[in-house]
$ cat run-v6.tsv   # TSV, C-alpha atoms and all ligand atoms
chain	number	residue	atom	x	y	z
A	1	MET	CA	-23.57	10.51	-14.25
A	2	GLN	CA	-22.07	10.66	-10.78
A	3	THR	CA	-18.73	8.97	-10.10
A	4	ILE	CA	-18.59	6.76	-7.03
A	5	TYR	CA	-14.90	6.38	-6.39
A	6	MET	CA	-14.07	3.32	-4.31
A	7	ASP	CA	-10.57	2.67	-5.63
A	8	ASN	CA	-8.51	4.66	-3.13
A	9	ASN	CA	-5.82	1.99	-2.73
A	10	ALA	CA	-5.02	2.61	-6.42
A	11	THR	CA	-4.85	6.36	-6.00
A	12	THR	CA	-6.66	9.15	-4.16
A	13	LYS	CA	-8.23	12.52	-4.89
A	14	VAL	CA	-5.91	15.44	-4.15
A	15	ASP	CA	-7.30	17.24	-1.10
A	16	PRO	CA	-8.29	20.84	-2.04
A	17	ASP	CA	-6.23	22.15	0.92
A	18	VAL	CA	-3.23	20.24	-0.41
A	19	LEU	CA	-3.73	21.77	-3.84
A	20	ASN	CA	-3.97	25.29	-2.35
A	21	GLU	CA	-0.77	24.74	-0.42
A	22	MET	CA	1.22	23.64	-3.46
A	23	MET	CA	-0.25	26.03	-6.04
A	24	PRO	CA	1.99	29.08	-5.36
A	25	TYR	CA	5.04	26.85	-5.82
A	26	LEU	CA	3.85	25.91	-9.32
A	27	THR	CA	3.30	29.54	-10.30
A	28	ASP	CA	5.11	32.43	-8.60
A	29	LEU	CA	7.43	30.70	-6.16
A	30	TYR	CA	9.39	28.64	-8.63
A	31	GLY	CA	12.85	29.17	-7.12
A	32	ASN	CA	15.32	26.35	-6.61
A	33	PRO	CA	15.52	25.52	-2.89
A	34	SER	CA	19.29	25.05	-3.19
A	35	SER	CA	19.87	28.60	-4.54
A	36	MET	CA	21.75	31.17	-2.46
A	37	HIS	CA	19.22	33.96	-3.10
A	38	ARG	CA	16.20	34.63	-0.93
A	39	PHE	CA	13.82	33.83	-3.81
A	40	GLY	CA	15.00	30.21	-3.75
A	41	GLY	CA	15.57	30.25	0.00
A	42	GLN	CA	11.87	30.80	0.77
A	43	VAL	CA	11.11	27.60	-1.14
A	44	GLY	CA	13.84	25.87	0.89
A	45	SER	CA	12.11	26.90	4.13
A	46	LYS	CA	8.82	25.51	2.87
A	47	VAL	CA	10.52	22.21	1.95
A	48	ALA	CA	11.90	22.07	5.50
A	49	GLU	CA	8.39	22.62	6.85
A	50	ALA	CA	7.10	19.78	4.66
A	51	ARG	CA	9.83	17.48	5.96
A	52	LEU	CA	8.82	18.32	9.52
A	53	ARG	CA	5.16	17.58	8.75
A	54	VAL	CA	6.01	14.16	7.31
A	55	ALA	CA	8.25	13.43	10.31
A	56	ASN	CA	5.50	14.47	12.73
A	57	LEU	CA	3.07	12.01	11.20
A	58	LEU	CA	5.60	9.18	11.50
A	59	GLY	CA	7.10	10.10	14.88
A	60	CYS	CA	10.66	10.51	13.60
A	61	ASP	CA	13.25	13.23	13.12
A	62	PRO	CA	12.93	15.42	9.97
A	63	ASP	CA	16.53	14.53	9.08
A	64	GLU	CA	15.42	10.93	8.76
A	65	ILE	CA	13.09	11.74	5.83
A	66	ILE	CA	14.31	11.57	2.23
A	67	PHE	CA	11.94	12.76	-0.49
A	68	THR	CA	11.67	10.47	-3.52
A	69	ALA	CA	9.50	10.33	-6.64
A	70	CYS	CA	7.17	7.52	-5.53
A	71	GLY	CA	6.64	4.53	-3.32
A	72	THR	CA	8.39	2.32	-5.85
A	73	GLU	CA	11.54	4.45	-5.71
A	74	SER	CA	11.49	4.39	-1.90
A	75	ASP	CA	11.18	0.59	-1.90
A	76	ASN	CA	13.94	0.10	-4.46
A	77	THR	CA	16.21	2.55	-2.63
A	78	ALA	CA	15.74	0.80	0.71
A	79	ILE	CA	16.59	-2.66	-0.59
A	80	ARG	CA	19.47	-1.55	-2.81
A	81	SER	CA	20.92	0.52	0.01
A	82	ALA	CA	20.90	-2.40	2.48
A	83	LEU	CA	22.54	-4.69	-0.08
A	84	ARG	CA	25.25	-2.22	-1.07
A	85	ALA	CA	26.02	-1.31	2.55
A	86	GLN	CA	26.57	-5.00	3.43
A	87	PRO	CA	28.21	-6.58	0.38
A	88	ASN	CA	28.93	-9.87	2.16
A	89	LYS	CA	25.29	-10.52	2.97
A	90	LYS	CA	23.43	-12.18	0.12
A	91	HIS	CA	20.10	-13.18	1.62
A	92	ILE	CA	16.81	-11.24	1.61
A	93	ILE	CA	13.53	-12.05	3.34
A	94	THR	CA	10.23	-10.73	2.06
A	95	THR	CA	6.69	-12.09	1.59
A	96	ARG	CA	4.82	-13.66	-1.29
A	97	VAL	CA	2.17	-10.93	-1.16
A	98	GLU	CA	4.26	-7.75	-1.50
A	99	HIS	CA	3.48	-5.11	-4.09
A	100	PRO	CA	5.47	-5.57	-7.33
A	101	ALA	CA	7.69	-2.65	-6.21
A	102	ILE	CA	9.29	-5.13	-3.81
A	103	LEU	CA	8.36	-8.49	-5.32
A	104	SER	CA	9.64	-7.86	-8.85
A	105	LEU	CA	12.84	-6.33	-7.52
A	106	CYS	CA	13.47	-9.34	-5.26
A	107	LYS	CA	12.78	-11.76	-8.10
A	108	HIS	CA	15.19	-9.77	-10.28
A	109	LEU	CA	17.87	-9.84	-7.56
A	110	GLU	CA	17.45	-13.60	-7.25
A	111	LYS	CA	17.49	-14.29	-10.96
A	112	ARG	CA	20.06	-11.80	-12.20
A	113	GLU	CA	22.22	-10.67	-9.31
A	114	GLY	CA	23.00	-13.80	-7.30
A	115	TYR	CA	20.95	-13.14	-4.15
A	116	THR	CA	18.88	-15.74	-2.33
A	117	VAL	CA	15.39	-14.63	-1.39
A	118	THR	CA	13.02	-16.23	1.09
A	119	PHE	CA	9.41	-15.42	0.19
A	120	LEU	CA	7.34	-15.96	3.33
A	121	SER	CA	3.99	-17.64	2.82
A	122	VAL	CA	0.60	-16.50	4.11
A	123	ASP	CA	-2.33	-18.55	5.35
A	124	GLU	CA	-5.86	-18.46	3.97
A	125	SER	CA	-6.60	-15.25	5.91
A	126	GLY	CA	-3.50	-13.59	4.47
A	127	ASN	CA	-1.55	-13.73	7.75
A	128	LEU	CA	2.14	-14.56	8.13
A	129	ASN	CA	3.56	-17.38	10.24
A	130	MET	CA	6.02	-15.89	12.75
A	131	GLU	CA	7.78	-19.22	13.30
A	132	GLU	CA	8.46	-19.49	9.58
A	133	PHE	CA	9.83	-15.95	9.69
A	134	LYS	CA	12.15	-16.60	12.65
A	135	LYS	CA	13.47	-19.77	11.03
A	136	ALA	CA	14.15	-17.91	7.78
A	137	LEU	CA	16.55	-15.42	9.43
A	138	ARG	CA	20.18	-16.22	8.64
A	139	ASP	CA	23.58	-14.77	9.53
A	140	ASP	CA	23.87	-13.48	5.97
A	141	THR	CA	20.39	-11.91	5.85
A	142	ALA	CA	20.96	-8.37	4.58
A	143	ILE	CA	17.41	-7.08	4.89
A	144	VAL	CA	13.89	-8.10	5.79
A	145	SER	CA	11.24	-6.18	3.84
A	146	VAL	CA	7.62	-6.73	4.85
A	147	MET	CA	4.70	-4.50	3.92
A	148	TRP	CA	2.77	-2.86	6.76
A	149	ALA	CA	-0.59	-3.43	5.05
A	150	ASN	CA	-1.50	-5.31	1.93
A	151	ASN	CA	-2.83	-3.20	-0.94
A	152	GLU	CA	-5.26	-5.86	-2.19
A	153	THR	CA	-6.79	-7.26	1.00
A	154	GLY	CA	-5.81	-4.58	3.52
A	155	VAL	CA	-4.39	-7.27	5.84
A	156	ILE	CA	-2.03	-5.72	8.41
A	157	PHE	CA	1.24	-7.49	9.21
A	158	PRO	CA	2.92	-7.42	12.66
A	159	VAL	CA	5.82	-5.32	11.39
A	160	GLU	CA	6.70	-3.83	14.78
A	161	GLU	CA	7.13	-7.30	16.28
A	162	MET	CA	9.14	-8.41	13.25
A	163	ALA	CA	11.35	-5.33	13.47
A	164	ALA	CA	12.08	-6.11	17.13
A	165	ILE	CA	13.15	-9.64	16.19
A	166	CYS	CA	15.37	-8.23	13.44
A	167	GLN	CA	16.93	-5.76	15.86
A	168	GLU	CA	17.96	-8.66	18.14
A	169	ARG	CA	19.45	-10.46	15.17
A	170	LYS	CA	21.09	-7.25	13.86
A	171	VAL	CA	19.25	-7.45	10.56
A	172	ILE	CA	17.95	-4.33	8.79
A	173	PHE	CA	14.15	-4.13	8.72
A	174	HIS	CA	12.27	-2.20	6.03
A	175	THR	CA	8.53	-1.81	5.68
A	176	ASP	CA	6.52	-0.74	2.66
A	177	ALA	CA	3.94	1.38	4.48
A	178	VAL	CA	2.46	2.88	1.31
A	179	GLN	CA	-1.05	1.67	2.18
A	180	ALA	CA	-0.72	2.05	5.95
A	181	VAL	CA	0.24	5.71	6.33
A	182	GLY	CA	-2.78	7.78	7.31
A	183	LYS	CA	-4.84	4.69	8.10
A	184	VAL	CA	-2.80	2.99	10.83
A	185	PRO	CA	-1.17	4.90	13.72
A	186	ILE	CA	2.58	4.92	13.18
A	187	ASP	CA	5.15	6.00	15.76
A	188	LEU	CA	8.68	5.29	14.66
A	189	SER	CA	10.08	6.53	17.97
A	190	ARG	CA	8.60	3.42	19.60
A	191	THR	CA	9.57	0.71	17.12
A	192	PRO	CA	12.95	-0.41	15.78
A	193	ILE	CA	11.85	-0.24	12.11
A	194	ASP	CA	14.95	0.90	10.21
A	195	MET	CA	13.40	2.08	6.94
A	196	LEU	CA	9.84	2.88	5.83
A	197	SER	CA	8.41	3.78	2.41
A	198	LEU	CA	5.39	5.96	1.71
A	199	SER	CA	3.73	7.45	-1.36
A	200	GLY	CA	1.92	10.77	-1.69
A	201	HIS	CA	-0.82	9.75	-4.11
A	202	LYS	CA	-2.22	7.21	-1.66
A	203	LEU	CA	-2.91	9.90	0.93
A	204	HIS	CA	-4.49	12.74	-1.02
A	205	ALA	CA	-1.29	14.33	-2.35
A	206	PRO	CA	-0.49	14.27	-6.10
A	207	LYS	CA	1.29	11.49	-7.95
A	208	GLY	CA	5.05	11.64	-8.37
A	209	ILE	CA	6.11	12.17	-4.77
A	210	GLY	CA	7.15	9.70	-2.09
A	211	ALA	CA	9.38	9.53	0.94
A	212	LEU	CA	11.75	7.11	2.57
A	213	PHE	CA	12.43	7.12	6.30
A	214	VAL	CA	15.98	6.03	7.07
A	215	ARG	CA	16.86	5.73	10.74
A	216	LYS	CA	19.79	7.82	11.92
A	217	ARG	CA	23.14	6.04	11.84
A	218	LEU	CA	21.77	3.23	9.66
A	219	PRO	CA	24.35	2.52	6.94
A	220	TYR	CA	22.86	4.08	3.80
A	221	ARG	CA	23.87	4.12	0.14
A	222	PRO	CA	22.02	6.47	-2.25
A	223	PHE	CA	20.23	5.10	-5.29
A	224	MET	CA	20.34	8.30	-7.33
A	225	ILE	CA	23.83	9.72	-7.68
A	226	GLY	CA	24.34	13.34	-8.69
A	227	GLY	CA	23.93	16.64	-6.88
A	228	HIS	CA	23.86	17.20	-3.12
A	229	GLN	CA	20.10	17.45	-2.70
A	230	GLU	CA	18.58	15.68	0.31
A	231	ARG	CA	22.01	15.96	1.99
A	232	GLY	CA	23.56	13.73	-0.66
A	233	ARG	CA	21.05	10.96	-0.11
A	234	ARG	CA	18.88	11.48	-3.19
A	235	ALA	CA	20.22	13.51	-6.07
A	236	GLY	CA	17.97	15.53	-8.36
A	237	THR	CA	16.34	18.94	-7.98
A	238	GLU	CA	13.45	18.54	-5.56
A	239	ASN	CA	9.89	18.42	-6.93
A	240	THR	CA	9.11	21.30	-4.61
A	241	PRO	CA	5.35	21.74	-5.26
A	242	ALA	CA	4.83	18.00	-4.70
A	243	VAL	CA	7.08	17.92	-1.63
A	244	ILE	CA	5.04	20.78	-0.13
A	245	ALA	CA	1.84	18.96	-1.06
A	246	LEU	CA	3.04	15.79	0.64
A	247	GLY	CA	3.83	17.76	3.80
A	248	LYS	CA	0.31	19.20	3.88
A	249	ALA	CA	-1.24	15.80	3.07
A	250	CYS	CA	0.65	14.24	6.00
A	251	GLU	CA	-0.54	16.97	8.33
A	252	LEU	CA	-4.14	16.34	7.19
A	253	ALA	CA	-3.69	12.56	7.42
A	254	GLY	CA	-2.84	12.98	11.11
A	255	LEU	CA	-6.05	14.97	11.60
A	256	HIS	CA	-8.20	12.48	9.66
A	257	ILE	CA	-6.84	9.18	11.00
A	258	GLN	CA	-9.55	9.00	13.65
A	259	ASP	CA	-12.28	9.55	11.03
A	260	GLU	CA	-10.65	6.90	8.86
A	261	ASN	CA	-10.91	4.38	11.71
A	262	THR	CA	-14.48	5.25	12.69
A	263	ARG	CA	-16.66	6.78	9.96
A	264	VAL	CA	-14.84	5.34	6.94
A	265	LYS	CA	-14.53	1.96	8.67
A	266	ALA	CA	-18.27	1.96	9.42
A	267	LEU	CA	-19.04	2.71	5.76
A	268	ARG	CA	-16.71	-0.09	4.68
A	269	ASP	CA	-18.38	-2.50	7.13
A	270	LYS	CA	-21.84	-1.52	5.92
A	271	LEU	CA	-20.82	-2.06	2.30
A	272	GLU	CA	-19.20	-5.37	3.11
A	273	SER	CA	-22.02	-6.89	5.12
A	274	GLY	CA	-24.60	-5.50	2.68
A	275	LEU	CA	-22.92	-7.39	-0.17
A	276	LEU	CA	-21.95	-10.58	1.66
A	277	GLU	CA	-25.45	-10.98	3.02
A	278	THR	CA	-27.27	-10.49	-0.26
A	279	VAL	CA	-25.04	-12.06	-2.89
A	280	PRO	CA	-24.91	-15.87	-2.89
A	281	HIS	CA	-21.45	-17.45	-3.30
A	282	SER	CA	-19.63	-14.39	-2.05
A	283	ARG	CA	-16.76	-14.41	0.45
A	284	LEU	CA	-14.43	-11.97	2.10
A	285	ASN	CA	-10.73	-12.27	1.30
A	286	GLY	CA	-8.33	-11.48	4.14
A	287	ASP	CA	-8.45	-11.35	7.92
A	288	LYS	CA	-11.68	-9.64	8.99
A	289	GLU	CA	-10.12	-7.93	12.02
A	290	LYS	CA	-6.43	-7.24	11.29
A	291	ARG	CA	-7.25	-5.10	8.30
A	292	LEU	CA	-7.08	-1.53	7.02
A	293	PRO	CA	-10.29	0.33	7.90
A	294	ASN	CA	-11.00	1.33	4.29
A	295	THR	CA	-10.42	-1.90	2.36
A	296	SER	CA	-12.75	-4.76	1.50
A	297	ASN	CA	-11.81	-7.51	-0.92
A	298	ILE	CA	-14.79	-9.65	-1.84
A	299	SER	CA	-14.95	-12.62	-4.21
A	300	PHE	CA	-18.08	-13.28	-6.17
A	301	GLY	CA	-17.80	-16.91	-7.20
A	302	TYR	CA	-18.13	-18.23	-10.75
A	303	ILE	CA	-17.80	-14.92	-12.64
A	304	GLU	CA	-14.91	-12.79	-13.91
A	305	GLY	CA	-13.88	-9.75	-11.89
A	306	GLU	CA	-13.20	-7.87	-15.13
A	307	ALA	CA	-16.82	-8.35	-16.23
A	308	ILE	CA	-18.04	-7.05	-12.87
A	309	LEU	CA	-15.77	-4.01	-13.15
A	310	LEU	CA	-17.09	-3.17	-16.62
A	311	MET	CA	-20.68	-3.34	-15.43
A	312	LEU	CA	-19.86	-1.26	-12.35
A	313	ASP	CA	-18.12	1.26	-14.59
A	314	GLN	CA	-21.37	1.72	-16.52
A	315	LEU	CA	-22.99	2.68	-13.23
A	316	GLY	CA	-20.18	5.15	-12.47
A	317	ILE	CA	-18.69	2.93	-9.75
A	318	CYS	CA	-14.90	2.68	-9.67
A	319	ALA	CA	-13.37	-0.35	-7.95
A	320	SER	CA	-10.58	-2.72	-8.76
A	321	SER	CA	-10.09	-6.40	-9.41
A	322	GLY	CA	-7.05	-7.41	-7.43
A	323	SER	CA	-4.45	-4.64	-7.53
A	324	ALA	CA	-4.53	-1.90	-10.16
A	325	CYS	CA	-1.11	-3.08	-11.31
A	326	THR	CA	-2.33	-6.62	-11.99
A	327	SER	CA	-5.56	-5.63	-13.71
A	328	GLY	CA	-5.38	-6.18	-17.43
A	329	SER	CA	-4.21	-9.75	-17.02
A	330	LEU	CA	-6.66	-12.55	-16.54
A	331	GLU	CA	-4.41	-14.37	-14.07
A	332	PRO	CA	-5.84	-14.17	-10.55
A	333	SER	CA	-3.75	-11.88	-8.39
A	334	HIS	CA	-0.60	-13.28	-6.75
A	335	VAL	CA	-1.97	-12.24	-3.35
A	336	LEU	CA	-5.15	-14.27	-3.64
A	337	ARG	CA	-3.22	-17.21	-5.08
A	338	ALA	CA	-0.77	-17.08	-2.15
A	339	MET	CA	-3.78	-17.23	0.19
A	340	GLY	CA	-5.08	-20.30	-1.60
A	341	VAL	CA	-8.32	-18.64	-2.66
A	342	PRO	CA	-10.06	-21.14	-4.97
A	343	TYR	CA	-9.75	-20.23	-8.65
A	344	ASN	CA	-13.49	-19.88	-9.18
A	345	PHE	CA	-13.49	-17.27	-6.44
A	346	ALA	CA	-10.12	-15.59	-7.06
A	347	HIS	CA	-11.22	-14.70	-10.61
A	348	GLY	CA	-14.28	-12.86	-9.36
A	349	SER	CA	-12.60	-10.76	-6.70
A	350	ILE	CA	-13.31	-7.07	-6.35
A	351	ARG	CA	-11.44	-4.65	-4.12
A	352	PHE	CA	-13.37	-1.71	-2.72
A	353	SER	CA	-11.17	0.89	-1.07
A	354	LEU	CA	-12.87	3.88	0.50
A	355	SER	CA	-11.67	7.28	1.65
A	356	ARG	CA	-12.86	10.26	3.64
A	357	TYR	CA	-14.71	11.47	0.52
A	358	ASN	CA	-17.13	8.54	0.39
A	359	THR	CA	-20.67	8.93	1.67
A	360	GLU	CA	-23.37	6.65	3.00
A	361	GLN	CA	-25.51	7.36	-0.09
A	362	GLU	CA	-22.72	6.00	-2.27
A	363	VAL	CA	-22.47	2.85	-0.17
A	364	ASP	CA	-26.25	2.37	-0.38
A	365	PHE	CA	-26.14	2.79	-4.16
A	366	VAL	CA	-23.52	0.03	-4.48
A	367	ILE	CA	-25.40	-2.30	-2.12
A	368	GLU	CA	-28.54	-1.76	-4.18
A	369	ASN	CA	-26.99	-2.21	-7.61
A	370	LEU	CA	-24.13	-4.68	-7.34
A	371	PRO	CA	-26.25	-7.75	-6.45
A	372	LYS	CA	-28.26	-7.20	-9.68
A	373	VAL	CA	-25.03	-6.95	-11.67
A	374	ILE	CA	-23.82	-10.25	-10.22
A	375	GLU	CA	-27.14	-11.93	-10.89
A	376	ASN	CA	-27.13	-10.82	-14.53
A	377	LEU	CA	-23.56	-11.94	-15.05
A	378	ARG	CA	-24.21	-15.31	-13.46
A	379	GLU	CA	-27.04	-15.89	-15.92
A	380	LEU	CA	-24.57	-15.39	-18.76
A	381	SER	CA	-21.65	-17.17	-17.12
A	382	PRO	CA	-20.36	-20.49	-18.50
A	383	PHE	CA	-19.19	-21.38	-14.97
A	384	SER	CA	-21.61	-22.48	-12.33
A	385	ALA	CA	-21.70	-23.49	-8.72
A	386	ASP	CA	-23.58	-26.69	-9.66
A	387	GLY	CA	-21.36	-29.71	-9.38
A	388	ASP	CA	-18.36	-27.76	-8.09
A	389	ASP	CA	-16.80	-30.05	-5.57
A	390	GLY	CA	-13.98	-27.63	-4.82
A	391	ALA	CA	-11.51	-30.40	-5.66
A	392	SER	CA	-9.05	-28.06	-7.32
A	393	CYS	CA	-8.79	-25.89	-4.25
A	394	ALA	CA	-9.85	-25.23	-0.69
A	395	THR	CA	-13.60	-25.43	-0.08
A	396	PRO	CA	-15.17	-22.00	-0.59
A	397	ARG	CA	-16.63	-20.31	2.48
A	398	VAL	CA	-19.90	-19.27	0.90
A	399	THR	CA	-22.27	-17.05	2.75
A	400	GLU	CA	-25.58	-18.28	1.54
A	501	LIG	N1	3.65	-0.41	-2.32
A	501	LIG	C1	2.34	-0.61	-2.18
A	501	LIG	C2	1.84	-1.44	-1.05
A	501	LIG	C3	1.43	-0.03	-3.08
A	501	LIG	O1	0.13	-0.23	-2.95
A	501	LIG	C4	1.94	0.77	-4.14
A	501	LIG	C5	1.04	1.34	-5.15
A	501	LIG	O2	0.02	0.77	-5.49
A	501	LIG	C6	3.33	0.96	-4.23
A	501	LIG	C7	4.16	0.35	-3.30
A	501	LIG	C8	3.93	1.78	-5.31
A	501	LIG	O3	3.76	3.15	-5.04
A	501	LIG	P1	3.91	4.22	-6.22
A	501	LIG	O4	2.72	4.08	-7.09
A	501	LIG	O5	3.97	5.54	-5.53
A	501	LIG	O6	5.18	3.89	-6.92

$ encode --input "run-v6.tsv" --output "structure tokens"
Amino acid sequence: MQTIYMDNNATTKVDPDVLNEMMPYLTDLYGNPSSMHRFGGQVGSKVAEARLRVANLLGCDPDEIIFTACGTESDNTAIRSALRAQPNKKHIITTRVEHPAILSLCKHLEKREGYTVTFLSVDESGNLNMEEFKKALRDDTAIVSVMWANNETGVIFPVEEMAAICQERKVIFHTDAVQAVGKVPIDLSRTPIDMLSLSGHKLHAPKGIGALFVRKRLPYRPFMIGGHQERGRRAGTENTPAVIALGKACELAGLHIQDENTRVKALRDKLESGLLETVPHSRLNGDKEKRLPNTSNISFGYIEGEAILLMLDQLGICASSGSACTSGSLEPSHVLRAMGVPYNFAHGSIRFSLSRYNTEQEVDFVIENLPKVIENLRELSPFSADGDDGASCATPRVTE
């Protein structure tokens, strides 16, 4: 059976060119880049090239890139660094819809470490309120951390505008750009963003590699303490094959970003309208325009997302209900709850996230088969649209 992979916000296929680039560093070229001998030194040069490639994609200086093990480490490092560099500032601003890499850390800091956190709300389209943000800024705000794009809905936040406001107020601004890199043009030379996190496995590099951009002269405190790797900013012998892979993946991401915003976006739009038009009681979650080109989050009312996923799995279709990290629990995702998506719809939400490897045939297959899946499940479902007055929640925007 063919696999139709539409879960690229969870993780992506390693690009064959990325694999080729890293392979020699898993086999013959295993030297330590910090060694004095030439055998290690050649690996060091390749790590420097990878750093340059990441910097080129982001429009920053290679010295501003620190390699980490994942997006989560980059996020944790950014927040911890800002707090340790400014011990008198005890306030953090973030949003209610961040990935757990930020959200759980902020909740922990509030509960266990004496910080106050403002969690900015979102409206029913998943957008922030800039007035609420400006009012939340305080003299003791240590850091504002706002994701560039949401992993569940794809909604894009105005992080450049927010960073400019923070710059005026002399507050550090960090963005979790794990889902944005490679899909949204980023030029850090033209925005006052202070720190930015990214993760290799979301852009066709392997798992276990990430990066953190830290603007020059920003006060910085390392998270990992040990050796002098990464110029003392992140201890631990570099994962050289993965670093080299990330460099190549960033180079390719720059070449593919146009395709992502045209061909992939067109496929996503075809999939989306094909489903919304044929399935009764279906609705799109998240702003239709200010959105990643590859992501579509659709709720199918009155059925469980988990049941849909199982049926799709039998057809070889991989998607996600909410975020991969929240799957496994029957609670609707925190993102959809923050947007006020009615329970009967939040439960039946499916995220499709495409990549450059998806084809039109795959999209057609999903459009042809998913409506039948929904129809079958609705016949079995104990919930129904009959008599639902929407009293427990906002009135659903149904498409029928
Ligand atoms: N931030 C966002 C927005 C994500 O989507 C993810 C992964 O799903 C992460 C952070 C965590 O990245 P990693 O899996 O590399 O730790």

$ atom_distance --input "run-v6.tsv" --atom1 "atom CA of A:Glu64" --atom2 "atom CA of A:Leu212"
8.1 Å

$ closest_residue --input "run-v6.tsv" --among "A:Glu238, A:Glu375, A:Asp187, A:Asp139" --to "A:Gly210" --atoms "only C-alpha atoms"
A:Glu238

$ residues_around --input "run-v6.tsv" --residues "stretch 30-40 of chain A" --least-positions-apart "3" --cutoff "12 Å" --atoms "all atoms listed in the file" --output "list of chain:residue names"
A:Met22, A:Met23, A:Pro24, A:Tyr25, A:Leu26, A:Thr27, A:Val43, A:Gly44, A:Ser45, A:Lys46, A:Val47, A:Ala48, A:Gly227, A:His228, A:Gln229, A:Glu230, A:Arg231, A:Ala235, A:Gly236, A:Thr237, A:Glu238, A:Asn239, A:Thr240, A:Pro241, A:Val243, A:Ile244

$ residues_near_ligand --input "run-v6.tsv" --ligand "ligand LIG 501 (chain A)" --cutoff "9 Å" --atoms "only C-alpha atoms and all ligand atoms" --output "compact mmCIF listing (two decimals) with C-alpha atoms, in the coordinates of the input"
# COMPACT_ATOMS: atom_id res chain seq x y z
CA ASN A 9 -5.82 1.99 -2.73
CA ALA A 10 -5.02 2.61 -6.42
CA THR A 11 -4.85 6.36 -6.00
CA ALA A 69 9.50 10.33 -6.64
CA CYS A 70 7.17 7.52 -5.53
CA GLY A 71 6.64 4.53 -3.32
CA THR A 72 8.39 2.32 -5.85
CA GLU A 73 11.54 4.45 -5.71
CA SER A 74 11.49 4.39 -1.90
CA ASP A 75 11.18 0.59 -1.90
CA GLU A 98 4.26 -7.75 -1.50
CA HIS A 99 3.48 -5.11 -4.09
CA PRO A 100 5.47 -5.57 -7.33
CA ALA A 101 7.69 -2.65 -6.21
CA ILE A 102 9.29 -5.13 -3.81
CA MET A 147 4.70 -4.50 3.92
CA TRP A 148 2.77 -2.86 6.76
CA ALA A 149 -0.59 -3.43 5.05
CA ASN A 150 -1.50 -5.31 1.93
CA ASN A 151 -2.83 -3.20 -0.94
CA GLU A 152 -5.26 -5.86 -2.19
CA ASP A 176 6.52 -0.74 2.66
CA ALA A 177 3.94 1.38 4.48
CA VAL A 178 2.46 2.88 1.31
CA GLN A 179 -1.05 1.67 2.18
CA ALA A 180 -0.72 2.05 5.95
CA SER A 197 8.41 3.78 2.41
CA LEU A 198 5.39 5.96 1.71
CA SER A 199 3.73 7.45 -1.36
CA GLY A 200 1.92 10.77 -1.69
CA HIS A 201 -0.82 9.75 -4.11
CA LYS A 202 -2.22 7.21 -1.66
CA LYS A 207 1.29 11.49 -7.95
CA GLY A 208 5.05 11.64 -8.37
CA ILE A 209 6.11 12.17 -4.77
CA GLY A 210 7.15 9.70 -2.09
CA SER A 323 -4.45 -4.64 -7.53
CA ALA A 324 -4.53 -1.90 -10.16
CA CYS A 325 -1.11 -3.08 -11.31

$ residues_around --input "run-v6.tsv" --residues "A:Arg233" --least-positions-apart "4" --cutoff "9 Å" --atoms "all atoms listed in the file" --output "PyMOL selection string"
chain A and resi 66+220-225+228-229

$ residues_around --input "run-v6.tsv" --residues "A:Val366" --least-positions-apart "5" --cutoff "9 Å" --atoms "only C-alpha atoms" --output "number ranges by chain"
A: 4, 271, 275, 312, 317, 361, 371

$ residues_around --input "run-v6.tsv" --residues "A:Lys270" --least-positions-apart "2" --cutoff "9 Å" --atoms "only C-alpha atoms" --output "list in words"
Lys265, Ala266, Leu267, Arg268, Glu272, Ser273, Gly274, Leu275, Glu360, Val363, Asp364 and Ile367 of chain A

$ write_last_selection --input "run-v6.tsv" --atoms "C-alpha atoms" --output "compact mmCIF listing (two decimals), in the frame of the given file"
# COMPACT_ATOMS: atom_id res chain seq x y z
CA LYS A 265 -14.53 1.96 8.67
CA ALA A 266 -18.27 1.96 9.42
CA LEU A 267 -19.04 2.71 5.76
CA ARG A 268 -16.71 -0.09 4.68
CA GLU A 272 -19.20 -5.37 3.11
CA SER A 273 -22.02 -6.89 5.12
CA GLY A 274 -24.60 -5.50 2.68
CA LEU A 275 -22.92 -7.39 -0.17
CA GLU A 360 -23.37 6.65 3.00
CA VAL A 363 -22.47 2.85 -0.17
CA ASP A 364 -26.25 2.37 -0.38
CA ILE A 367 -25.40 -2.30 -2.12

$ atom_distance --input "run-v6.tsv" --atom1 "atom CA of A:Gln42" --atom2 "atom CA of A:Glu251"
20.1 Å
